[in-house]
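Peer 1: What follows is protein_1.txt, made up of compact mmCIF, C-alpha atoms:
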```txt
# COMPACT_ATOMS: atom_id res chain seq x y z
CA MET A 1 27.69 -23.27 -53.82
CA SER A 2 25.61 -23.99 -50.76
CA ARG A 3 26.56 -26.80 -48.44
CA PRO A 4 24.39 -29.91 -48.75
CA ASP A 5 22.47 -31.17 -45.77
CA THR A 6 24.84 -33.83 -44.45
CA ASP A 7 23.16 -34.67 -41.15
CA HIS A 8 21.89 -37.96 -42.63
CA LEU A 9 25.20 -38.69 -44.37
CA LEU A 10 27.41 -39.17 -41.34
CA LEU A 11 28.59 -42.48 -42.76
CA PRO A 12 28.65 -43.94 -46.29
CA ASP A 13 26.50 -47.04 -46.54
CA ALA A 14 27.28 -50.07 -48.71
CA GLU A 15 23.57 -50.92 -48.73
CA ALA A 16 22.45 -47.37 -49.51
CA ASP A 17 20.59 -48.25 -52.70
CA VAL A 18 18.48 -51.09 -51.29
CA ARG A 19 15.54 -51.10 -48.92
CA PRO A 20 14.27 -54.04 -46.87
CA SER A 21 11.10 -55.93 -47.66
CA PRO A 22 8.56 -56.41 -44.82
CA GLN A 23 10.41 -59.61 -43.85
CA GLY A 24 13.69 -57.73 -43.72
CA ALA A 25 12.19 -54.89 -41.67
CA ALA A 26 10.85 -57.39 -39.15
CA ALA A 27 14.27 -59.01 -38.83
CA ARG A 28 15.82 -55.58 -38.35
CA ARG A 29 13.42 -54.77 -35.49
CA ALA A 30 14.22 -58.09 -33.85
CA LEU A 31 17.94 -57.38 -34.05
CA LEU A 32 17.62 -53.85 -32.69
CA ALA A 33 15.78 -55.31 -29.70
CA HIS A 34 19.18 -56.63 -28.60
CA PRO A 35 21.35 -53.46 -28.62
CA VAL A 36 23.93 -54.93 -26.23
CA VAL A 37 24.55 -57.82 -28.61
CA LEU A 38 24.99 -55.32 -31.43
CA LEU A 39 27.34 -53.10 -29.44
CA VAL A 40 29.56 -55.96 -28.25
CA GLY A 41 29.75 -57.31 -31.77
CA ILE A 42 30.74 -53.92 -33.19
CA VAL A 43 33.44 -53.37 -30.56
CA LEU A 44 34.99 -56.83 -30.95
CA ALA A 45 34.89 -56.66 -34.74
CA SER A 46 36.48 -53.22 -34.65
CA LEU A 47 39.31 -54.46 -32.44
CA ASN A 48 40.27 -56.73 -35.35
CA MET A 49 40.29 -54.07 -38.06
CA ARG A 50 43.97 -53.18 -37.64
CA ALA A 51 45.28 -55.79 -35.22
CA ALA A 52 46.44 -58.30 -37.83
CA LEU A 53 48.36 -55.55 -39.65
CA ALA A 54 49.92 -53.96 -36.55
CA SER A 55 51.06 -57.32 -35.18
CA VAL A 56 53.54 -57.88 -38.02
CA SER A 57 55.56 -54.67 -37.96
CA PRO A 58 57.45 -55.19 -34.66
CA LEU A 59 58.36 -58.72 -35.80
CA VAL A 60 59.29 -58.08 -39.42
CA SER A 61 63.03 -58.49 -38.80
CA ASP A 62 62.52 -61.94 -37.26
CA ILE A 63 60.16 -62.96 -40.06
CA SER A 64 62.74 -61.84 -42.62
CA GLN A 65 65.54 -63.78 -40.93
CA SER A 66 63.39 -66.89 -40.63
CA PHE A 67 62.77 -67.04 -44.38
CA GLY A 68 65.91 -65.24 -45.56
CA LEU A 69 63.93 -62.39 -47.11
CA SER A 70 65.41 -59.23 -48.57
CA SER A 71 64.07 -55.81 -47.58
CA THR A 72 61.96 -55.74 -50.74
CA ALA A 73 60.52 -59.21 -50.08
CA SER A 74 59.93 -58.27 -46.44
CA SER A 75 57.92 -55.24 -47.51
CA LEU A 76 55.53 -57.57 -49.34
CA VAL A 77 54.50 -59.00 -45.97
CA THR A 78 52.75 -55.70 -45.27
CA SER A 79 52.10 -54.58 -48.86
CA VAL A 80 50.10 -57.66 -49.90
CA PRO A 81 47.37 -57.20 -47.25
CA VAL A 82 47.09 -53.50 -48.12
CA LEU A 83 46.77 -54.35 -51.82
CA PHE A 84 43.84 -56.61 -51.01
CA LEU A 85 42.27 -53.92 -48.85
CA GLY A 86 41.67 -52.18 -52.16
CA LEU A 87 40.63 -55.25 -54.14
CA GLY A 88 38.34 -56.47 -51.35
CA ALA A 89 36.60 -53.10 -51.25
CA LEU A 90 35.38 -53.77 -54.80
CA VAL A 91 33.23 -56.73 -53.80
CA ALA A 92 32.13 -55.69 -50.29
CA PRO A 93 29.08 -53.59 -51.36
CA TRP A 94 27.82 -56.32 -53.70
CA LEU A 95 28.16 -58.94 -50.95
CA ALA A 96 26.30 -56.71 -48.48
CA ARG A 97 23.43 -56.16 -50.90
CA ARG A 98 23.28 -59.83 -51.85
CA PHE A 99 23.63 -61.50 -48.45
CA GLY A 100 23.21 -58.73 -45.84
CA SER A 101 25.86 -57.11 -43.67
CA GLU A 102 25.69 -59.53 -40.72
CA PRO A 103 26.53 -62.74 -42.64
CA VAL A 104 29.29 -61.00 -44.58
CA LEU A 105 30.83 -59.58 -41.41
CA LEU A 106 30.74 -63.03 -39.81
CA PHE A 107 32.42 -64.47 -42.90
CA ALA A 108 35.05 -61.69 -42.80
CA LEU A 109 35.95 -62.43 -39.18
CA LEU A 110 36.27 -66.16 -39.85
CA LEU A 111 38.34 -65.45 -42.96
CA LEU A 112 40.56 -63.18 -40.88
CA ALA A 113 41.15 -65.92 -38.31
CA VAL A 114 42.04 -68.39 -41.07
CA GLY A 115 44.33 -65.86 -42.78
CA ILE A 116 46.24 -65.20 -39.55
CA LEU A 117 46.84 -68.92 -39.07
CA VAL A 118 47.82 -69.51 -42.71
CA ARG A 119 50.30 -66.65 -42.46
CA VAL A 120 52.34 -68.44 -39.78
CA ALA A 121 52.67 -71.73 -41.67
CA PRO A 122 56.33 -72.60 -42.40
CA SER A 123 56.37 -71.40 -45.99
CA PRO A 124 56.92 -68.03 -47.70
CA VAL A 125 53.97 -68.86 -49.97
CA ALA A 126 51.74 -69.28 -46.92
CA LEU A 127 53.12 -66.05 -45.45
CA TYR A 128 51.98 -64.07 -48.47
CA GLY A 129 48.85 -66.15 -49.08
CA GLY A 130 47.74 -65.54 -45.52
CA GLY A 131 48.29 -61.85 -46.16
CA VAL A 132 45.86 -62.05 -49.09
CA LEU A 133 43.19 -63.52 -46.81
CA VAL A 134 43.90 -61.02 -44.02
CA GLY A 135 43.69 -58.04 -46.39
CA THR A 136 40.46 -59.26 -47.99
CA ALA A 137 38.85 -59.84 -44.60
CA ILE A 138 39.80 -56.41 -43.27
CA ALA A 139 38.56 -54.79 -46.49
CA LEU A 140 35.11 -56.26 -45.88
CA LEU A 141 35.14 -54.95 -42.30
CA ASN A 142 36.36 -51.51 -43.42
CA VAL A 143 33.62 -51.06 -46.00
CA LEU A 144 30.67 -52.60 -44.16
CA MET A 145 31.13 -51.33 -40.61
CA PRO A 146 30.32 -47.64 -41.31
CA GLY A 147 27.15 -48.52 -43.21
CA LEU A 148 26.02 -50.97 -40.54
CA ILE A 149 26.40 -48.29 -37.86
CA LYS A 150 24.54 -45.76 -39.99
CA ARG A 151 21.73 -48.25 -40.56
CA ASP A 152 21.32 -49.48 -36.98
CA PHE A 153 22.16 -46.29 -35.05
CA PRO A 154 20.96 -43.44 -37.31
CA ASP A 155 20.47 -41.06 -34.37
CA LYS A 156 23.76 -41.95 -32.69
CA ALA A 157 25.99 -42.42 -35.71
CA ALA A 158 28.61 -39.90 -34.57
CA SER A 159 29.00 -41.39 -31.08
CA MET A 160 28.98 -44.95 -32.44
CA THR A 161 31.61 -43.96 -34.98
CA SER A 162 33.78 -42.82 -32.07
CA VAL A 163 33.21 -46.19 -30.41
CA TYR A 164 34.20 -48.22 -33.44
CA THR A 165 37.19 -46.08 -34.45
CA GLY A 166 38.37 -45.99 -30.83
CA ALA A 167 38.13 -49.77 -30.61
CA MET A 168 39.96 -50.13 -33.93
CA ILE A 169 42.86 -47.99 -32.75
CA ALA A 170 42.85 -49.63 -29.30
CA GLY A 171 43.23 -53.02 -30.97
CA ALA A 172 46.19 -51.84 -33.03
CA THR A 173 47.79 -50.27 -29.93
CA LEU A 174 47.38 -53.40 -27.83
CA VAL A 175 48.78 -55.65 -30.52
CA ALA A 176 51.73 -53.40 -31.37
CA ALA A 177 52.77 -53.14 -27.71
CA SER A 178 52.45 -56.86 -26.99
CA SER A 179 53.86 -58.51 -30.13
CA VAL A 180 57.49 -58.62 -28.94
CA PRO A 181 56.64 -59.55 -25.31
CA LEU A 182 54.41 -62.34 -26.60
CA GLU A 183 57.21 -63.57 -28.83
CA LYS A 184 59.50 -63.76 -25.80
CA ALA A 185 56.78 -65.43 -23.71
CA PHE A 186 56.40 -68.11 -26.40
CA GLY A 187 60.13 -68.87 -26.38
CA GLY A 188 61.11 -66.62 -29.27
CA SER A 189 58.37 -67.85 -31.61
CA TRP A 190 57.13 -65.05 -33.84
CA GLU A 191 54.69 -67.55 -35.31
CA ALA A 192 52.93 -68.02 -31.96
CA SER A 193 52.93 -64.27 -31.33
CA LEU A 194 51.07 -63.68 -34.61
CA ALA A 195 48.81 -66.74 -34.35
CA VAL A 196 47.38 -65.79 -30.96
CA TRP A 197 45.43 -62.93 -32.54
CA SER A 198 43.32 -65.41 -34.49
CA LEU A 199 41.57 -66.03 -31.16
CA LEU A 200 40.43 -62.40 -31.10
CA ALA A 201 38.88 -62.81 -34.55
CA VAL A 202 37.16 -66.06 -33.51
CA LEU A 203 35.78 -64.39 -30.38
CA ALA A 204 34.36 -61.56 -32.49
CA ALA A 205 32.85 -64.08 -34.91
CA VAL A 206 31.08 -65.83 -32.05
CA THR A 207 29.43 -62.54 -31.03
CA TRP A 208 28.19 -62.03 -34.61
CA LEU A 209 26.62 -65.48 -34.90
CA PRO A 210 23.45 -64.58 -32.91
CA GLN A 211 23.05 -61.45 -35.02
CA VAL A 212 23.20 -63.53 -38.20
CA LEU A 213 20.57 -65.89 -36.81
CA ILE A 214 18.29 -63.04 -35.74
CA ALA A 215 18.68 -61.19 -39.04
CA ARG A 216 18.52 -64.27 -41.28
CA GLY A 217 15.05 -63.23 -42.47
CA ARG A 218 16.61 -60.27 -44.27
CA THR A 219 18.74 -62.28 -46.62
CA GLY A 220 17.38 -62.22 -50.15
CA HIS A 221 14.52 -59.88 -49.27
CA GLU A 222 16.05 -56.53 -50.22
CA VAL A 223 14.86 -54.64 -53.28
CA ARG A 224 16.33 -51.73 -55.19
CA MET A 225 15.28 -48.21 -54.31
CA ALA A 226 14.02 -45.76 -56.92
CA SER A 227 16.33 -42.97 -58.01
CA ALA A 228 16.79 -40.30 -55.37
CA ARG A 229 16.48 -37.50 -57.90
CA PRO A 230 15.99 -37.23 -61.65
CA GLY A 231 19.02 -37.83 -63.77
CA THR A 232 21.23 -39.32 -61.07
CA GLY A 233 20.50 -42.97 -61.66
CA THR A 234 21.30 -43.62 -58.01
CA GLY A 235 18.94 -46.50 -57.63
CA THR A 236 20.18 -48.98 -60.17
CA GLY A 237 23.47 -50.65 -59.60
CA SER A 238 26.19 -49.39 -61.89
CA GLY A 239 24.19 -46.74 -63.72
CA SER A 240 25.00 -43.15 -64.51
CA ALA A 241 25.75 -42.24 -60.87
CA ALA A 242 28.59 -44.74 -60.75
CA LYS A 243 29.96 -43.38 -64.03
CA SER A 244 29.68 -39.78 -62.84
CA VAL A 245 31.73 -40.54 -59.73
CA TRP A 246 34.55 -42.09 -61.73
CA ARG A 247 34.45 -39.24 -64.24
CA SER A 248 34.41 -36.48 -61.63
CA ALA A 249 37.62 -34.49 -61.07
CA LEU A 250 36.52 -33.74 -57.51
CA ALA A 251 35.96 -37.44 -56.80
CA TRP A 252 39.48 -38.18 -58.02
CA GLN A 253 40.90 -35.43 -55.82
CA VAL A 254 39.18 -36.91 -52.76
CA THR A 255 40.32 -40.39 -53.79
CA LEU A 256 43.95 -39.35 -54.29
CA PHE A 257 44.07 -37.65 -50.91
CA MET A 258 42.67 -40.82 -49.35
CA GLY A 259 45.33 -42.88 -51.14
CA LEU A 260 48.29 -40.63 -50.37
CA GLN A 261 47.47 -40.33 -46.66
CA SER A 262 46.99 -44.11 -46.55
CA LEU A 263 50.37 -44.54 -48.25
CA TRP A 264 52.29 -42.57 -45.63
CA SER A 265 50.44 -44.40 -42.83
CA TYR A 266 51.15 -47.88 -44.19
CA VAL A 267 54.82 -47.05 -44.65
CA LEU A 268 54.90 -46.36 -40.91
CA ILE A 269 52.88 -49.48 -40.11
CA ALA A 270 55.39 -51.53 -42.11
CA TRP A 271 58.66 -49.89 -41.16
CA MET A 272 58.51 -47.60 -38.10
CA PRO A 273 59.87 -50.18 -35.59
CA THR A 274 62.54 -51.21 -38.10
CA ILE A 275 63.65 -47.60 -38.58
CA PHE A 276 64.15 -47.36 -34.82
CA THR A 277 65.92 -50.70 -34.41
CA ASP A 278 68.21 -50.00 -37.39
CA HIS A 279 69.41 -46.96 -35.43
CA GLY A 280 70.17 -48.99 -32.31
CA MET A 281 66.90 -49.03 -30.36
CA SER A 282 65.77 -52.27 -28.72
CA ARG A 283 62.89 -54.09 -30.36
CA SER A 284 60.77 -53.91 -27.20
CA THR A 285 61.16 -50.13 -26.95
CA ALA A 286 60.49 -49.72 -30.66
CA GLY A 287 57.30 -51.75 -30.29
CA VAL A 288 56.09 -49.62 -27.39
CA ILE A 289 56.76 -46.38 -29.30
CA PHE A 290 54.94 -47.83 -32.30
CA ALA A 291 52.01 -48.62 -30.01
CA PHE A 292 52.10 -45.05 -28.70
CA ASN A 293 51.94 -43.80 -32.29
CA ASN A 294 48.80 -45.86 -32.84
CA LEU A 295 47.23 -44.70 -29.58
CA ILE A 296 47.81 -40.99 -30.15
CA GLN A 297 46.02 -41.24 -33.50
CA VAL A 298 42.76 -41.22 -31.51
CA ALA A 299 43.24 -37.51 -30.75
CA GLY A 300 43.54 -36.49 -34.40
CA ALA A 301 40.87 -38.91 -35.61
CA PHE A 302 38.41 -37.50 -33.06
CA ALA A 303 39.13 -33.76 -33.30
CA VAL A 304 39.73 -33.16 -37.00
CA PRO A 305 36.40 -34.54 -38.33
CA LEU A 306 34.52 -32.43 -35.77
CA LEU A 307 36.33 -29.33 -37.00
CA ALA A 308 35.86 -30.31 -40.64
CA GLY A 309 32.09 -30.56 -40.26
CA ARG A 310 31.95 -26.97 -39.05
CA MET A 311 33.93 -25.52 -41.96
CA ARG A 312 32.78 -24.72 -45.49
CA SER A 313 36.29 -25.37 -46.79
CA GLN A 314 38.65 -27.82 -45.07
CA ARG A 315 41.81 -26.34 -46.57
CA PRO A 316 43.30 -25.20 -43.22
CA LEU A 317 42.94 -28.76 -41.92
CA ILE A 318 44.63 -30.15 -45.03
CA VAL A 319 47.59 -27.88 -44.34
CA LEU A 320 47.60 -28.86 -40.65
CA VAL A 321 47.58 -32.64 -41.02
CA THR A 322 50.06 -32.80 -43.91
CA SER A 323 52.44 -30.43 -42.08
CA LEU A 324 52.32 -32.58 -38.95
CA VAL A 325 53.04 -35.75 -40.90
CA ALA A 326 55.86 -34.08 -42.86
CA ALA A 327 57.40 -32.74 -39.63
CA GLY A 328 57.24 -36.18 -38.04
CA TYR A 329 58.88 -37.87 -41.02
CA ALA A 330 61.57 -35.18 -41.13
CA GLY A 331 62.23 -35.90 -37.45
CA LEU A 332 62.66 -39.60 -38.20
CA MET A 333 65.28 -38.62 -40.77
CA ILE A 334 67.19 -36.20 -38.55
CA ALA A 335 66.99 -37.67 -35.02
CA PRO A 336 65.16 -41.01 -35.12
CA VAL A 337 66.14 -42.25 -31.66
CA SER A 338 66.60 -39.16 -29.48
CA GLY A 339 63.31 -37.68 -30.66
CA ALA A 340 61.45 -40.94 -31.17
CA TRP A 341 58.59 -40.25 -28.75
CA LEU A 342 58.08 -36.74 -30.09
CA TRP A 343 58.03 -37.84 -33.73
CA ALA A 344 55.69 -40.74 -32.93
CA GLY A 345 53.28 -38.31 -31.26
CA VAL A 346 53.41 -35.71 -34.02
CA LEU A 347 52.95 -38.39 -36.65
CA GLY A 348 50.11 -39.97 -34.70
CA ILE A 349 48.10 -36.76 -34.50
CA GLY A 350 48.74 -36.08 -38.18
CA GLN A 351 47.90 -39.66 -39.25
CA GLY A 352 44.71 -39.82 -37.20
CA GLY A 353 43.63 -36.38 -38.36
CA ALA A 354 44.36 -37.19 -42.00
CA VAL A 355 42.36 -40.42 -42.12
CA GLY A 356 39.49 -38.78 -40.26
CA LEU A 357 39.58 -35.84 -42.67
CA ALA A 358 39.73 -38.12 -45.71
CA LEU A 359 36.67 -40.08 -44.57
CA THR A 360 34.80 -36.90 -43.64
CA MET A 361 35.45 -35.34 -47.04
CA ILE A 362 33.86 -38.36 -48.71
CA VAL A 363 30.63 -37.36 -46.98
CA LEU A 364 31.00 -33.59 -47.36
CA ARG A 365 31.79 -33.81 -51.07
CA SER A 366 28.78 -36.08 -51.74
CA GLY A 367 25.36 -34.68 -52.57
CA ASP A 368 23.34 -37.72 -51.44
CA ALA A 369 23.66 -41.06 -49.66
CA GLN A 370 24.08 -43.10 -52.83
CA THR A 371 26.89 -40.87 -54.08
CA ALA A 372 28.56 -41.10 -50.66
CA ALA A 373 28.47 -44.91 -50.84
CA ARG A 374 29.94 -44.98 -54.35
CA LEU A 375 32.56 -42.35 -53.63
CA SER A 376 33.54 -44.33 -50.53
CA GLY A 377 33.97 -47.46 -52.65
CA MET A 378 36.03 -45.58 -55.22
CA ALA A 379 38.21 -43.87 -52.61
CA GLN A 380 38.88 -47.07 -50.67
CA THR A 381 39.54 -49.21 -53.75
CA VAL A 382 41.90 -46.82 -55.52
CA GLY A 383 43.26 -45.43 -52.27
CA TYR A 384 44.36 -48.76 -50.85
CA LEU A 385 45.78 -49.92 -54.18
CA LEU A 386 47.89 -46.76 -54.16
CA ALA A 387 48.79 -47.23 -50.50
CA ALA A 388 50.08 -50.75 -51.18
CA VAL A 389 52.91 -49.22 -53.21
CA GLY A 390 54.27 -47.42 -50.14
CA PRO A 391 55.71 -50.24 -47.99
CA LEU A 392 57.03 -52.07 -51.05
CA ALA A 393 58.73 -48.99 -52.51
CA ALA A 394 60.18 -47.97 -49.14
CA GLY A 395 61.61 -51.46 -48.62
CA ALA A 396 63.10 -51.59 -52.12
CA VAL A 397 64.73 -48.16 -51.82
CA HIS A 398 66.04 -49.04 -48.35
CA GLN A 399 67.58 -52.21 -49.73
CA ALA A 400 69.15 -50.32 -52.64
CA THR A 401 70.56 -47.46 -50.55
CA GLY A 402 71.28 -49.20 -47.27
CA GLY A 403 69.59 -46.48 -45.21
CA TRP A 404 66.34 -44.68 -44.51
CA THR A 405 67.18 -41.15 -45.63
CA ILE A 406 66.07 -41.50 -49.25
CA PRO A 407 62.92 -43.55 -48.47
CA ILE A 408 61.83 -40.90 -45.96
CA ALA A 409 62.65 -38.12 -48.42
CA LEU A 410 60.36 -39.80 -50.95
CA VAL A 411 57.56 -39.91 -48.38
CA LEU A 412 58.05 -36.19 -47.83
CA GLY A 413 57.37 -35.84 -51.54
CA VAL A 414 54.14 -37.81 -50.99
CA CYS A 415 53.21 -35.29 -48.27
CA ALA A 416 53.71 -32.45 -50.74
CA ALA A 417 51.52 -34.22 -53.32
CA ALA A 418 48.84 -34.86 -50.68
CA LEU A 419 48.89 -31.18 -49.74
CA ALA A 420 48.42 -30.13 -53.37
CA VAL A 421 45.59 -32.53 -54.19
CA GLY A 422 44.01 -32.07 -50.77
CA LEU A 423 43.66 -28.31 -51.26
CA PHE A 424 41.53 -29.04 -54.33
CA ALA A 425 39.52 -31.79 -52.58
CA ALA A 426 38.78 -29.53 -49.61
CA ARG A 427 36.87 -26.91 -51.61
CA ASP A 428 33.19 -26.39 -50.83
CA ARG A 429 31.90 -28.45 -53.78
CA THR A 430 29.94 -31.67 -54.23
CA VAL A 431 30.27 -34.50 -56.71
```
Can you present the structure in this file as structure tokens?
Peer 2:
Amino acid sequence: MSRPDTDHLLLPDAEADVRPSPQGAAARRALLAHPVVLLVGIVLASLNMRAALASVSPLVSDISQSFGLSSTASSLVTSVPVLFLGLGALVAPWLARRFGSEPVLLFALLLLAVGILVRVAPSPVALYGGGVLVGTAIALLNVLMPGLIKRDFPDKAASMTSVYTGAMIAGATLVAASSVPLEKAFGGSWEASLAVWSLLAVLAAVTWLPQVLIARGRTGHEVRMASARPGTGTGTGSGSAAKSVWRSALAWQVTLFMGLQSLWSYVLIAWMPTIFTDHGMSRSTAGVIFAFNNLIQVAGAFAVPLLAGRMRSQRPLIVLVTSLVAAGYAGLMIAPVSGAWLWAGVLGIGQGGAVGLALTMIVLRSGDAQTAARLSGMAQTVGYLLAAVGPLAAGAVHQATGGWTIPIALVLGVCAAALAVGLFAARDRTV
């Protein structure tokens, strides 16, 4: 089967099946006349896309002690936001089509700030409830940011994608490295260390406010596009195209690879510093190594998608990224402290490469923009729901066994499953 022309499909778009009215087009031109405002808004919003998740992991032991949580209950602190990454992805495209991307992104950033503050209230209910808000807010950012970049920078989508993914990883790195030092600076208050990042979300929201005002003429002026080709039904909401995605074996293979690679990443986000500290490492050092793991993901996330786009079949890359992740997890099992920097680096390259490959395959396996948008929604919804199981299961098994050997062995099984399903997803086919 010949490869589809994917030059215009660099990013899936939540608003792919709508087109602006004349009023909306005028508002779009007015907004694009302020590219610096757009760029600053994208960078600041992207800094928030992992920060609220990465800030918790180095402090999870203190949070657990503060509320007397078991390992299983502690894992819910990270699992609940991931669960709502999936559930939030269900409504993000509808919100974008109904209200426009700018207002929804502004709402997401404000919701994120509120969720961060709710999470530090002196109650376990607030801790988990804030996680619900944080996960929902990040889900909206995750789904809408690629489409917004594709819409506003169609000729620079690849470079702008590098900007936003780089900012996203930079935010996670900064937060992971500074969580413990901030806790010490605030007199041992983990609550203050987490709460301070609400300011970053508020700052990003302020930069989006002018964009909402400029683009306010778009709201309510979009109309549905006609079908892109006969028989696809791509222009009408939840028609046959949506059904064909959910009934496609290839779509499920792409979705499962997305979910399994997300699962192994969120286990690390939840538990990597704890694995190190349980083996005698200081919390500060564990936080810095965790930050290094986040930073090194840039290398894999940048290189692997470039390679994937030049290959008819991405099977060699599937083998590469899953092998790197498996090797890193095996290292955490065998020599978690003496090889900590090495394993963090190997895992980082594998993690970054895997998420970049998963997102790229959504585009490469899609025959048109509407299918790419729907496959992206399916992959993110199901994928994050699957990923939410990871931190919770790892925490429960750790509590039951009193160690990390069996939880890590189970993740190695996840790597094997990702390899198997990924080899099918990487074939030169389209949904």
Peer 1: Do you know which residues lie at most 10 Å from (59.6, -60.1, -37.7), with coordinates as in the file and only C-alpha atoms counted, and could you write them as a list in words?
Peer 2: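 Output of the proximity query reads Ser55, Val56, Ser57, Pro58, Leu59, Val60, Ser61, Asp62, Ile63, Ser64, Gln65, Ser66, Ser74, Val77, Ser179, Val180, Glu183, Ser189, Trp190, Glu191, Leu194 and Thr274 of chain A.
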Peer 1: Between A:Thr255, A:Ser198, A:Ser284, A:Thr136, which residue has the minimum interatomic distance to Lys184 (chain A), considering all atoms listed in the file?
Peer 2: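 Among the listed residues, A:Ser284 lies closest to Lys184 (chain A).
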Peer 1: Using all atoms listed in the file, which residues sit within 7 Å of Asn294 (chain A) once same-chain residues fewer than 5 positions away are excluded, as a PDB file with C-alpha atoms, in the frame of the given file?
Peer 2:
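As a result, part_10.pdb now contains:
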```pdb
ATOM      1  CA  ILE A 169      42.860 -47.990 -32.750  1.00  0.00           C
ATOM      2  CA  ALA A 172      46.190 -51.840 -33.030  1.00  0.00           C
ATOM      3  CA  THR A 173      47.790 -50.270 -29.930  1.00  0.00           C
ATOM      4  CA  GLY A 348      50.110 -39.970 -34.700  1.00  0.00           C
TER       5      GLY A 348
END
```
Peer 1: Tell me, in Å to one decimal, how far CA of Gly403 (chain A) is from CA of Thr72 (chain A).
Peer 2: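 Separation between CA of Gly403 (chain A) and CA of Thr72 (chain A): 13.2 Å.
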Peer 1: Within 6 Å of region 322-338 of chain A, counting only C-alpha atoms, which residues qualify if same-chain residues fewer than 5 places away don't, as a ChimeraX atom specification?
Peer 2: /A:343,346-347,350,405,412,415
